[in-house]
file input02.csv (CSV, C-alpha atoms (C1' of nucleotides))
chain,number,residue,atom,x,y,z
Q,20,MET,CA,7.9,-10.7,35.0
Q,21,THR,CA,8.7,-7.0,35.4
Q,22,THR,CA,10.7,-5.6,32.6
Q,23,PRO,CA,12.9,-2.5,32.3
Q,24,LEU,CA,12.7,-2.5,28.5
Q,25,PRO,CA,11.5,0.5,26.6
Q,26,ARG,CA,7.8,0.5,25.8
Q,27,GLN,CA,8.2,-0.2,22.1
Q,28,LEU,CA,10.4,-3.2,22.8
Q,29,VAL,CA,8.1,-4.8,25.4
Q,30,ARG,CA,5.6,-6.4,23.1
Q,31,GLY,CA,6.2,-8.3,19.9
Q,32,SER,CA,8.3,-11.4,19.6
Q,33,SER,CA,12.0,-11.1,19.1
Q,34,SER,CA,11.4,-11.1,15.3
Q,35,GLY,CA,9.2,-8.1,15.7
Q,36,VAL,CA,11.6,-5.8,17.4
Q,37,ALA,CA,13.7,-5.1,14.3
Q,38,ILE,CA,10.8,-4.0,12.2
Q,39,MET,CA,9.7,-1.6,14.8
Q,40,ALA,CA,13.1,0.1,14.7
Q,41,VAL,CA,12.7,0.3,11.0
Q,42,PHE,CA,9.4,2.0,11.3
Q,43,ASP,CA,11.0,4.4,13.8
Q,44,LEU,CA,13.7,5.3,11.3
Q,45,LEU,CA,11.7,5.4,8.1
Q,46,GLY,CA,8.7,6.9,9.8
Q,47,ARG,CA,10.6,10.2,10.1
Q,48,LYS,CA,10.3,12.9,7.7
Q,49,TRP,CA,12.9,13.0,4.9
Q,50,ASN,CA,14.7,9.7,5.7
Q,51,MET,CA,13.0,7.7,2.9
Q,52,ARG,CA,13.3,10.6,0.5
Q,53,ILE,CA,17.0,11.1,1.2
Q,54,MET,CA,17.7,7.4,0.6
Q,55,TRP,CA,15.6,7.5,-2.5
Q,56,GLU,CA,17.5,10.4,-4.0
Q,57,LEU,CA,20.8,8.7,-3.2
Q,58,ASN,CA,19.8,5.5,-4.9
Q,59,SER,CA,20.6,6.7,-8.3
Q,60,THR,CA,23.7,8.9,-7.6
Q,61,SER,CA,25.9,10.1,-4.9
Q,62,LEU,CA,25.2,13.7,-3.9
Q,63,SER,CA,26.9,16.6,-2.1
Q,64,PHE,CA,25.3,18.2,0.9
Q,65,ARG,CA,23.8,21.0,-1.0
Q,66,GLY,CA,23.0,18.8,-4.0
Q,67,LEU,CA,21.0,16.5,-1.7
Q,68,GLN,CA,19.3,19.5,-0.1
Q,69,LYS,CA,18.2,20.9,-3.5
Q,70,ARG,CA,16.8,17.5,-4.6
Q,71,CYS,CA,14.8,17.2,-1.3
Q,72,ASP,CA,12.7,20.3,-2.0
Q,73,SER,CA,15.4,22.5,-0.5
Q,74,MET,CA,14.8,21.1,3.0
Q,75,SER,CA,16.5,23.0,5.8
Q,76,PRO,CA,20.2,22.3,6.2
Q,77,SER,CA,19.8,21.8,9.9
Q,78,VAL,CA,17.4,19.0,9.5
Q,79,LEU,CA,19.4,17.5,6.7
Q,80,ASN,CA,22.4,17.5,8.9
Q,81,THR,CA,20.7,15.6,11.6
Q,82,ARG,CA,19.3,13.1,9.1
Q,83,ILE,CA,22.7,12.5,7.6
Q,84,LYS,CA,24.0,11.7,11.0
Q,85,GLN,CA,21.2,9.4,11.8
Q,86,LEU,CA,21.5,7.5,8.5
Q,87,THR,CA,25.2,7.3,8.8
Q,88,GLU,CA,24.9,6.0,12.4
Q,89,SER,CA,22.5,3.4,11.1
Q,90,GLU,CA,25.0,2.4,8.4
Q,91,LEU,CA,22.7,3.2,5.6
Q,92,ILE,CA,24.8,6.0,4.0
Q,93,PHE,CA,28.4,7.1,4.2
Q,94,THR,CA,30.5,10.0,3.2
Q,95,THR,CA,33.0,10.0,0.4
Q,96,SER,CA,35.0,12.7,-1.3
Q,97,GLU,CA,32.4,12.7,-4.1
Q,98,GLY,CA,29.5,13.2,-1.6
Q,99,TYR,CA,27.1,10.9,0.2
Q,100,LYS,CA,26.5,7.4,-0.9
Q,101,LEU,CA,24.3,4.4,0.1
Q,102,THR,CA,26.1,1.6,1.9
Q,103,GLU,CA,25.5,-2.0,0.9
Q,104,LEU,CA,22.9,-2.1,3.6
Q,105,GLY,CA,21.3,1.0,2.3
Q,106,LEU,CA,21.3,-0.4,-1.2
Q,107,SER,CA,19.6,-3.6,-0.1
Q,108,LEU,CA,17.0,-1.5,1.8
Q,109,MET,CA,16.2,0.5,-1.4
Q,110,ASN,CA,15.9,-2.8,-3.3
Q,111,THR,CA,13.2,-4.0,-0.9
Q,112,LEU,CA,11.6,-0.6,-1.2
Q,113,ASN,CA,11.7,-0.6,-5.0
Q,114,PRO,CA,8.2,-2.3,-5.5
Q,115,LEU,CA,6.8,0.8,-3.8
Q,116,ARG,CA,7.3,2.8,-6.9
Q,117,GLU,CA,5.0,0.6,-8.9
Q,118,TRP,CA,2.5,0.4,-6.0
Q,119,ALA,CA,2.5,4.2,-5.8
Q,120,ALA,CA,1.5,4.6,-9.4
Q,121,GLU,CA,-1.4,2.2,-9.0
Q,122,TRP,CA,-2.5,3.9,-5.9
Q,123,GLU,CA,-2.4,7.3,-7.6
Q,124,ASP,CA,-4.6,6.0,-10.3
Q,125,LYS,CA,-7.2,4.7,-8.0
Q,126,VAL,CA,-7.3,7.4,-5.3
Q,127,ALA,CA,-6.6,10.4,-7.6
Q,128,LYS,CA,-4.9,12.7,-5.1
T,14,MET,CA,5.7,31.2,3.6
T,15,THR,CA,6.7,30.9,0.0
T,16,THR,CA,4.3,28.4,-1.5
T,17,PRO,CA,0.9,27.0,-0.6
T,18,LEU,CA,1.5,23.8,-2.7
T,19,PRO,CA,2.1,20.5,-1.0
T,20,ARG,CA,5.8,19.8,-0.7
T,21,GLN,CA,5.7,16.7,-2.8
T,22,LEU,CA,4.1,18.4,-5.8
T,23,VAL,CA,6.6,21.2,-6.2
T,24,ARG,CA,9.4,19.2,-7.7
T,25,GLY,CA,9.8,15.9,-9.5
T,26,SER,CA,8.7,14.6,-12.9
T,27,SER,CA,5.2,13.3,-13.4
T,28,SER,CA,6.5,9.8,-12.8
T,29,GLY,CA,8.0,10.8,-9.5
T,30,VAL,CA,5.0,12.5,-8.0
T,31,ALA,CA,3.2,9.4,-6.8
T,32,ILE,CA,6.2,8.0,-4.9
T,33,MET,CA,6.7,11.4,-3.2
T,34,ALA,CA,3.1,11.3,-2.0
T,35,VAL,CA,3.8,7.9,-0.5
T,36,PHE,CA,6.9,9.2,1.3
T,37,ASP,CA,4.7,11.9,2.6
T,38,LEU,CA,2.2,9.5,3.9
T,39,LEU,CA,4.5,6.8,5.3
T,40,GLY,CA,7.1,9.2,6.5
T,41,ARG,CA,4.7,10.3,9.2
T,42,LYS,CA,4.9,8.7,12.6
T,43,TRP,CA,2.6,5.8,13.3
T,44,ASN,CA,1.2,5.3,9.8
T,45,MET,CA,3.3,2.3,8.9
T,46,ARG,CA,2.9,0.9,12.3
T,47,ILE,CA,-0.9,1.1,12.2
T,48,MET,CA,-1.0,-0.5,8.8
T,49,TRP,CA,1.3,-3.2,10.1
T,50,GLU,CA,-0.9,-4.0,13.1
T,51,LEU,CA,-4.0,-4.1,10.9
T,52,ASN,CA,-2.3,-6.5,8.5
T,53,SER,CA,-3.1,-9.6,10.7
T,54,THR,CA,-6.4,-8.6,12.3
T,55,SER,CA,-9.0,-5.9,12.4
T,56,LEU,CA,-8.9,-3.9,15.5
T,57,SER,CA,-11.1,-1.5,17.5
T,58,PHE,CA,-9.9,2.0,18.2
T,59,ARG,CA,-8.7,1.2,21.7
T,60,GLY,CA,-7.3,-2.1,20.6
T,61,LEU,CA,-5.3,-0.4,17.9
T,62,GLN,CA,-4.2,2.2,20.4
T,63,LYS,CA,-2.9,-0.4,22.8
T,64,ARG,CA,-1.0,-2.3,20.1
T,65,CYS,CA,0.7,0.9,19.0
T,66,ASP,CA,2.5,1.5,22.3
T,67,SER,CA,-0.6,3.2,23.7
T,68,MET,CA,-0.2,6.1,21.3
T,69,SER,CA,-2.3,9.1,22.1
T,70,PRO,CA,-5.9,8.9,20.9
T,71,SER,CA,-5.8,12.3,19.3
T,72,VAL,CA,-3.0,11.3,17.0
T,73,LEU,CA,-4.5,8.0,16.3
T,74,ASN,CA,-7.7,9.7,15.4
T,75,THR,CA,-6.0,12.0,12.8
T,76,ARG,CA,-4.1,9.0,11.4
T,77,ILE,CA,-7.2,7.0,11.0
T,78,LYS,CA,-8.8,9.9,9.1
T,79,GLN,CA,-5.7,10.2,6.9
T,80,LEU,CA,-5.5,6.5,6.1
T,81,THR,CA,-9.2,6.3,5.5
T,82,GLU,CA,-9.1,9.3,3.1
T,83,SER,CA,-6.2,7.6,1.3
T,84,GLU,CA,-8.3,4.5,1.0
T,85,LEU,CA,-5.8,2.3,2.8
T,86,ILE,CA,-8.1,1.4,5.7
T,87,PHE,CA,-11.9,1.5,6.3
T,88,THR,CA,-14.3,1.1,9.2
T,89,THR,CA,-16.5,-1.9,9.9
T,90,SER,CA,-18.7,-2.9,12.8
T,91,GLU,CA,-15.9,-5.2,13.9
T,92,GLY,CA,-13.3,-2.4,13.8
T,93,TYR,CA,-10.7,-1.0,11.4
T,94,LYS,CA,-9.5,-3.1,8.5
T,95,LEU,CA,-7.2,-2.7,5.5
T,96,THR,CA,-8.7,-2.1,2.1
T,97,GLU,CA,-7.5,-4.0,-0.9
T,98,LEU,CA,-5.1,-1.1,-1.6
T,99,GLY,CA,-3.9,-1.3,1.9
T,100,LEU,CA,-3.3,-5.0,1.7
T,101,SER,CA,-1.4,-4.6,-1.5
T,102,LEU,CA,0.8,-2.0,0.1
T,103,MET,CA,1.5,-4.2,3.0
T,104,ASN,CA,2.5,-7.0,0.6
T,105,THR,CA,5.0,-4.7,-1.1
T,106,LEU,CA,6.3,-3.8,2.4
T,107,ASN,CA,6.6,-7.4,3.5
T,108,PRO,CA,10.2,-7.9,2.5
T,109,LEU,CA,11.0,-5.2,4.9
T,110,ARG,CA,10.6,-7.7,7.8
T,111,GLU,CA,13.4,-9.8,6.5
T,112,TRP,CA,15.6,-6.8,5.7
T,113,ALA,CA,15.0,-5.5,9.2
T,114,ALA,CA,16.3,-8.7,10.8
T,115,GLU,CA,19.4,-8.6,8.7
T,116,TRP,CA,20.0,-5.0,9.5
T,117,GLU,CA,19.6,-5.6,13.2
T,118,ASP,CA,22.3,-8.3,13.0
T,119,LYS,CA,24.8,-6.1,11.3
T,120,VAL,CA,24.2,-2.8,13.0
T,121,ALA,CA,23.2,-4.2,16.5
T,122,LYS,CA,21.0,-1.4,17.7
S,16,DT,C1',47.4,38.5,-3.7
S,17,DA,C1',43.2,39.8,-3.0
S,18,DA,C1',38.4,39.7,-4.1
S,19,DT,C1',34.6,36.7,-4.9
S,20,DA,C1',32.1,32.4,-4.8
S,21,DT,C1',30.7,28.1,-3.2
S,22,DC,C1',31.1,24.5,0.0
S,23,DG,C1',29.6,21.7,4.4
S,24,DC,C1',27.7,22.7,8.4
S,25,DT,C1',26.1,25.3,12.9
S,26,DA,C1',23.2,28.5,15.7
S,27,DC,C1',19.3,30.4,16.4
S,28,DT,C1',14.2,31.6,16.1
S,29,DT,C1',9.6,30.4,14.5
S,30,DA,C1',6.1,27.1,12.9
S,31,DT,C1',4.2,22.6,12.9
S,32,DT,C1',3.6,18.1,14.7
S,33,DT,C1',3.1,14.9,18.3
S,34,DC,C1',2.2,13.8,23.1
S,35,DG,C1',-0.5,13.3,27.4
S,36,DT,C1',-4.3,13.9,29.9
S,37,DA,C1',-9.0,14.9,31.0
S,38,DG,C1',-13.4,14.1,29.8
S,39,DC,C1',-17.8,14.0,26.7
S,40,DG,C1',-21.9,11.5,25.0
S,41,DA,C1',-23.4,6.8,23.6
S,42,DC,C1',-24.2,2.3,24.7
S,43,DA,C1',-24.1,-2.1,27.7
S,44,DC,C1',-24.7,-4.5,31.8
S,45,DT,C1',-26.3,-4.6,37.2
R,29,DA,C1',-29.4,4.9,39.2
R,30,DG,C1',-24.5,3.2,39.1
R,31,DT,C1',-20.5,1.4,36.9
R,32,DG,C1',-17.8,0.3,32.9
R,33,DT,C1',-16.2,0.6,28.4
R,34,DC,C1',-16.5,2.5,23.9
R,35,DG,C1',-15.0,6.0,20.0
R,36,DC,C1',-13.5,10.2,19.9
R,37,DT,C1',-12.5,15.4,21.0
R,38,DA,C1',-10.2,19.6,23.3
R,39,DC,C1',-6.3,21.6,24.8
R,40,DG,C1',-1.8,22.7,26.8
R,41,DA,C1',3.0,20.9,26.8
R,42,DA,C1',6.8,18.8,24.7
R,43,DA,C1',9.3,17.4,20.6
R,44,DT,C1',10.5,18.0,15.9
R,45,DA,C1',11.0,20.5,11.5
R,46,DA,C1',11.4,24.8,8.9
R,47,DG,C1',13.7,29.1,7.8
R,48,DT,C1',17.4,32.2,7.8
R,49,DA,C1',21.9,34.2,8.7
R,50,DG,C1',26.4,33.3,8.8
R,51,DC,C1',31.1,30.9,10.0
R,52,DG,C1',35.5,28.8,8.5
R,53,DA,C1',37.5,26.3,4.7
R,54,DT,C1',38.5,25.7,0.0
R,55,DA,C1',38.2,26.9,-4.9
R,56,DT,C1',38.2,30.4,-8.6
R,57,DT,C1',38.9,34.4,-10.8
R,58,DA,C1',41.1,39.1,-11.3

call {"tool": "encode", "arguments": {"input": "input02.csv", "output": "structure tokens"}}
result
Amino acid sequence: MTTPLPRQLVRGSSSGVAIMAVFDLLGRKWNMRIMWELNSTSLSFRGLQKRCDSMSPSVLNTRIKQLTESELIFTTSEGYKLTELGLSLMNTLNPLREWAAEWEDKVAK
Amino acid sequence: MTTPLPRQLVRGSSSGVAIMAVFDLLGRKWNMRIMWELNSTSLSFRGLQKRCDSMSPSVLNTRIKQLTESELIFTTSEGYKLTELGLSLMNTLNPLREWAAEWEDKVAK
DNA sequence: TAATATCGCTACTTATTTCGTAGCGACACT
DNA sequence: AGTGTCGCTACGAAATAAGTAGCGATATTA
């Protein structure tokens, strides 16, 4: 069976494709961080920028587009907000906070 | 260049520092993927490489060093394995598989 | 009304990260 | 000695992120 599928979609069962896409999205600088900051409040462009270590506006702009396209955030008059999907993602990622603390203790960065 | 400090340590309360370090680690290409592949079995260098879409050996090598330094993986005669810490991280990341499927349904990448 | 300030965002250059390939020395098997 | 595979490194090219200046729009103050 020859296949025209992209490399990353070739292997892995159908249940594995989705998670690879997630790794692709979250495994990019700033995406997790942006979601994390938006978890508590909605933020304006410059507000978000300042919270994310004053990341460059050009990169922030492309990230916002990506995350919007992926339906994880959306724009309102009060600023950027997480969508339902985005909120549910942050919920699954919540245990990470606790793990991080434990990890910090043991590894002592 | 304004500051020699790592990005994640500049800002954020003491309770937030750990999670920022995690974002820094996981928000790098391949790190999540490598952990994911090692969750089921231990793998050799070239085995791991093939499972990760034949990623370049130079990058894999630096990733392995990073993850080893962070005490998430370690080397054995049978190949690379997750540490206890690494295993617990993958456990917290497990719900992501389910979320990914749901996300795929709704967004239809 | 006009000057000033801040906003979201773009354009552009420079720095950093990742990719892709070739190949080394070590070990195994023939 | 010849062939194969191993973990891994070197190095140039390509892709991505950082850094800075500034535009047009709106809000604010004089």

call {"tool": "atom_distance", "arguments": {"input": "input02.csv", "atom1": "CA of Cys65 (chain T)", "atom2": "CA of Ile77 (chain T)"}}
result
12.8 Å

call {"tool": "residues_around", "arguments": {"input": "input02.csv", "residues": "Glu50 (chain T)", "least_positions_apart": "6", "cutoff": "12 Å", "atoms": "all atoms listed in the file", "output": "JSON, numbers by chain"}}
result
{"Q": [31, 35, 38, 39], "T": [43, 44, 56, 57, 58, 60, 61, 62, 63, 64, 65, 66, 86, 93, 94, 95, 99, 100, 103]}

call {"tool": "calpha_fit_and_write", "arguments": {"input": "input02.csv", "fixed": "chain Q", "moving": "chain T", "output": "mmCIF file with C-alpha atoms, keeping the file's coordinate frame"}}
result
data_model
loop_
_atom_site.group_PDB
_atom_site.id
_atom_site.type_symbol
_atom_site.label_atom_id
_atom_site.label_comp_id
_atom_site.auth_asym_id
_atom_site.auth_seq_id
_atom_site.Cartn_x
_atom_site.Cartn_y
_atom_site.Cartn_z
ATOM 1 C CA MET T 14 7.672 7.193 32.121
ATOM 2 C CA THR T 15 7.162 3.497 32.475
ATOM 3 C CA THR T 16 10.017 1.907 30.584
ATOM 4 C CA PRO T 17 13.430 3.003 29.365
ATOM 5 C CA LEU T 18 13.491 0.265 26.625
ATOM 6 C CA PRO T 19 13.103 1.197 23.003
ATOM 7 C CA ARG T 20 9.510 0.822 21.900
ATOM 8 C CA GLN T 21 10.248 -1.796 19.324
ATOM 9 C CA LEU T 22 11.977 -4.153 21.754
ATOM 10 C CA VAL T 23 9.217 -4.365 24.320
ATOM 11 C CA ARG T 24 6.890 -6.607 22.410
ATOM 12 C CA GLY T 25 7.124 -9.044 19.530
ATOM 13 C CA SER T 26 8.781 -12.436 19.073
ATOM 14 C CA SER T 27 12.450 -12.666 18.250
ATOM 15 C CA SER T 28 11.531 -12.941 14.592
ATOM 16 C CA GLY T 29 9.529 -9.761 14.739
ATOM 17 C CA VAL T 30 12.090 -7.548 16.376
ATOM 18 C CA ALA T 31 14.101 -6.717 13.285
ATOM 19 C CA ILE T 32 11.090 -5.572 11.239
ATOM 20 C CA MET T 33 9.969 -3.343 14.150
ATOM 21 C CA ALA T 34 13.381 -1.679 14.154
ATOM 22 C CA VAL T 35 12.931 -0.974 10.466
ATOM 23 C CA PHE T 36 9.498 0.576 11.059
ATOM 24 C CA ASP T 37 11.172 2.672 13.634
ATOM 25 C CA LEU T 38 13.773 3.835 11.272
ATOM 26 C CA LEU T 39 11.673 4.346 8.130
ATOM 27 C CA GLY T 40 8.669 5.596 9.967
ATOM 28 C CA ARG T 41 10.568 8.774 10.714
ATOM 29 C CA LYS T 42 10.156 11.740 8.435
ATOM 30 C CA TRP T 43 12.696 12.195 5.691
ATOM 31 C CA ASN T 44 14.562 8.903 6.062
ATOM 32 C CA MET T 45 12.976 7.153 3.123
ATOM 33 C CA ARG T 46 13.130 10.243 1.097
ATOM 34 C CA ILE T 47 16.860 10.731 1.681
ATOM 35 C CA MET T 48 17.570 7.138 0.835
ATOM 36 C CA TRP T 49 15.481 7.553 -2.286
ATOM 37 C CA GLU T 50 17.383 10.629 -3.470
ATOM 38 C CA LEU T 51 20.715 8.920 -2.812
ATOM 39 C CA ASN T 52 19.631 5.886 -4.819
ATOM 40 C CA SER T 53 20.536 7.543 -8.213
ATOM 41 C CA THR T 54 23.467 9.763 -7.249
ATOM 42 C CA SER T 55 25.680 10.751 -4.388
ATOM 43 C CA LEU T 56 24.957 14.130 -3.090
ATOM 44 C CA SER T 57 26.583 16.847 -0.953
ATOM 45 C CA PHE T 58 24.882 18.024 2.194
ATOM 46 C CA ARG T 59 23.374 21.097 0.576
ATOM 47 C CA GLY T 60 22.538 19.195 -2.546
ATOM 48 C CA LEU T 61 20.686 16.612 -0.528
ATOM 49 C CA GLN T 62 18.976 19.378 1.381
ATOM 50 C CA LYS T 63 17.727 21.024 -1.772
ATOM 51 C CA ARG T 64 16.420 17.765 -3.249
ATOM 52 C CA CYS T 65 14.482 17.065 -0.072
ATOM 53 C CA ASP T 66 12.234 20.125 -0.344
ATOM 54 C CA SER T 67 14.906 22.255 1.324
ATOM 55 C CA MET T 68 14.444 20.423 4.604
ATOM 56 C CA SER T 69 16.043 22.076 7.564
ATOM 57 C CA PRO T 70 19.759 21.391 7.966
ATOM 58 C CA SER T 71 19.433 20.474 11.597
ATOM 59 C CA VAL T 72 17.079 17.646 10.826
ATOM 60 C CA LEU T 73 19.051 16.551 7.903
ATOM 61 C CA ASN T 74 22.101 16.463 10.055
ATOM 62 C CA THR T 75 20.457 14.134 12.666
ATOM 63 C CA ARG T 76 19.128 11.927 9.849
ATOM 64 C CA ILE T 77 22.478 11.602 8.286
ATOM 65 C CA LYS T 78 23.925 10.543 11.657
ATOM 66 C CA GLN T 79 21.102 8.018 12.102
ATOM 67 C CA LEU T 80 21.461 6.505 8.645
ATOM 68 C CA THR T 81 25.203 6.416 8.933
ATOM 69 C CA GLU T 82 25.024 4.646 12.340
ATOM 70 C CA SER T 83 22.597 2.156 10.774
ATOM 71 C CA GLU T 84 25.087 1.573 8.022
ATOM 72 C CA LEU T 85 22.679 2.540 5.266
ATOM 73 C CA ILE T 86 24.703 5.514 4.014
ATOM 74 C CA PHE T 87 28.360 6.663 4.357
ATOM 75 C CA THR T 88 30.421 9.747 3.602
ATOM 76 C CA THR T 89 32.874 10.169 0.751
ATOM 77 C CA SER T 90 34.812 13.110 -0.608
ATOM 78 C CA GLU T 91 32.206 13.335 -3.346
ATOM 79 C CA GLY T 92 29.311 13.399 -0.852
ATOM 80 C CA TYR T 93 26.868 10.963 0.754
ATOM 81 C CA LYS T 94 26.299 7.573 -0.809
ATOM 82 C CA LEU T 95 24.349 4.406 -0.024
ATOM 83 C CA THR T 96 26.165 1.435 1.408
ATOM 84 C CA GLU T 97 25.584 -2.014 0.060
ATOM 85 C CA LEU T 98 22.946 -2.484 2.795
ATOM 86 C CA GLY T 99 21.363 0.703 1.762
ATOM 87 C CA LEU T 100 21.256 -0.285 -1.858
ATOM 88 C CA SER T 101 19.724 -3.589 -0.993
ATOM 89 C CA LEU T 102 17.040 -1.855 0.995
ATOM 90 C CA MET T 103 16.271 0.439 -1.813
ATOM 91 C CA ASN T 104 15.926 -2.571 -4.142
ATOM 92 C CA THR T 105 13.385 -4.141 -1.794
ATOM 93 C CA LEU T 106 11.568 -0.758 -1.767
ATOM 94 C CA ASN T 107 11.585 -0.422 -5.528
ATOM 95 C CA PRO T 108 8.223 -2.007 -6.158
ATOM 96 C CA LEU T 109 6.809 0.725 -4.102
ATOM 97 C CA ARG T 110 7.160 3.120 -7.096
ATOM 98 C CA GLU T 111 4.821 1.053 -9.144
ATOM 99 C CA TRP T 112 2.380 0.533 -6.272
ATOM 100 C CA ALA T 113 2.384 4.267 -5.670
ATOM 101 C CA ALA T 114 1.306 5.021 -9.242
ATOM 102 C CA GLU T 115 -1.504 2.555 -9.013
ATOM 103 C CA TRP T 116 -2.638 3.934 -5.731
ATOM 104 C CA GLU T 117 -2.620 7.469 -7.040
ATOM 105 C CA ASP T 118 -4.919 6.370 -9.890
ATOM 106 C CA LYS T 119 -7.448 4.780 -7.640
ATOM 107 C CA VAL T 120 -7.473 7.149 -4.720
ATOM 108 C CA ALA T 121 -6.740 10.423 -6.708
ATOM 109 C CA LYS T 122 -5.066 12.441 -4.015
#

call {"tool": "closest_residue", "arguments": {"input": "input02.csv", "among": "T:Ser53, T:Arg59, T:Trp112, T:Met68", "to": "DT33 (chain R)", "atoms": "only C-alpha atoms (C1' of nucleotides)"}}
result
T:Arg59

call {"tool": "interface_residues", "arguments": {"input": "input02.csv", "of": "chain R", "to": "chain Q", "cutoff": "8 Å", "atoms": "only C-alpha atoms (C1' of nucleotides)", "output": "ChimeraX atom specification"}}
result
/R:45-47

call {"tool": "interface_residues", "arguments": {"input": "input02.csv", "of": "chain T", "to": "chain Q", "cutoff": "8 Å", "atoms": "all atoms listed in the file", "output": "PyMOL selection string"}}
result
chain T and resi 20-21+23-24+28+31-33+35-37+39-46+66+83-84+98+101-102+105-106+108-110+112-114+116-117+120

call {"tool": "closest_atom_pairs", "arguments": {"input": "input02.csv", "of": "chain S", "to": "chain T", "cutoff": "10 Å", "atoms": "only C-alpha atoms (C1' of nucleotides)", "output": "Markdown table"}}
result
| residue | atom | partner | partner_atom | distance |
| --- | --- | --- | --- | --- |
| S:DT32 | C1' | T:Arg41 | CA | 9.6 |
| S:DT33 | C1' | T:Val72 | CA | 7.2 |
| S:DC34 | C1' | T:Ser69 | CA | 6.6 |
| S:DG35 | C1' | T:Ser69 | CA | 7.0 |
| S:DT36 | C1' | T:Ser69 | CA | 9.4 |

call {"tool": "atom_distance", "arguments": {"input": "input02.csv", "atom1": "C1' of DC42 (chain S)", "atom2": "C1' of DG35 (chain R)"}}
result
11.0 Å

call {"tool": "atom_distance", "arguments": {"input": "input02.csv", "atom1": "CA of Asn58 (chain Q)", "atom2": "CA of Arg82 (chain Q)"}}
result
15.9 Å

call {"tool": "closest_residue", "arguments": {"input": "input02.csv", "among": "T:Ile47, T:Thr89, T:Leu73, T:Thr54", "to": "DC36 (chain R)", "atoms": "only C-alpha atoms (C1' of nucleotides)"}}
result
T:Leu73

call {"tool": "residues_near_point", "arguments": {"input": "input02.csv", "point": "(27.3, 25.1, 12.0)", "cutoff": "10 Å", "atoms": "all atoms listed in the file", "output": "VMD selection string"}}
result
(chain Q and resid 76 to 77 80) or (chain S and resid 23 to 26) or (chain R and resid 50 to 52)

call {"tool": "residues_around", "arguments": {"input": "input02.csv", "residues": "DT45 (chain S)", "least_positions_apart": "4", "cutoff": "12 Å", "atoms": "only C-alpha atoms (C1' of nucleotides)", "output": "ChimeraX atom specification"}}
result
/R:29-32

call {"tool": "residues_near_point", "arguments": {"input": "input02.csv", "point": "(35.4, 35.7, -7.5)", "cutoff": "8 Å", "atoms": "only C-alpha atoms (C1' of nucleotides)", "output": "list in words"}}
result
DA18, DT19 and DA20 of chain S; DT56, DT57 and DA58 of chain R
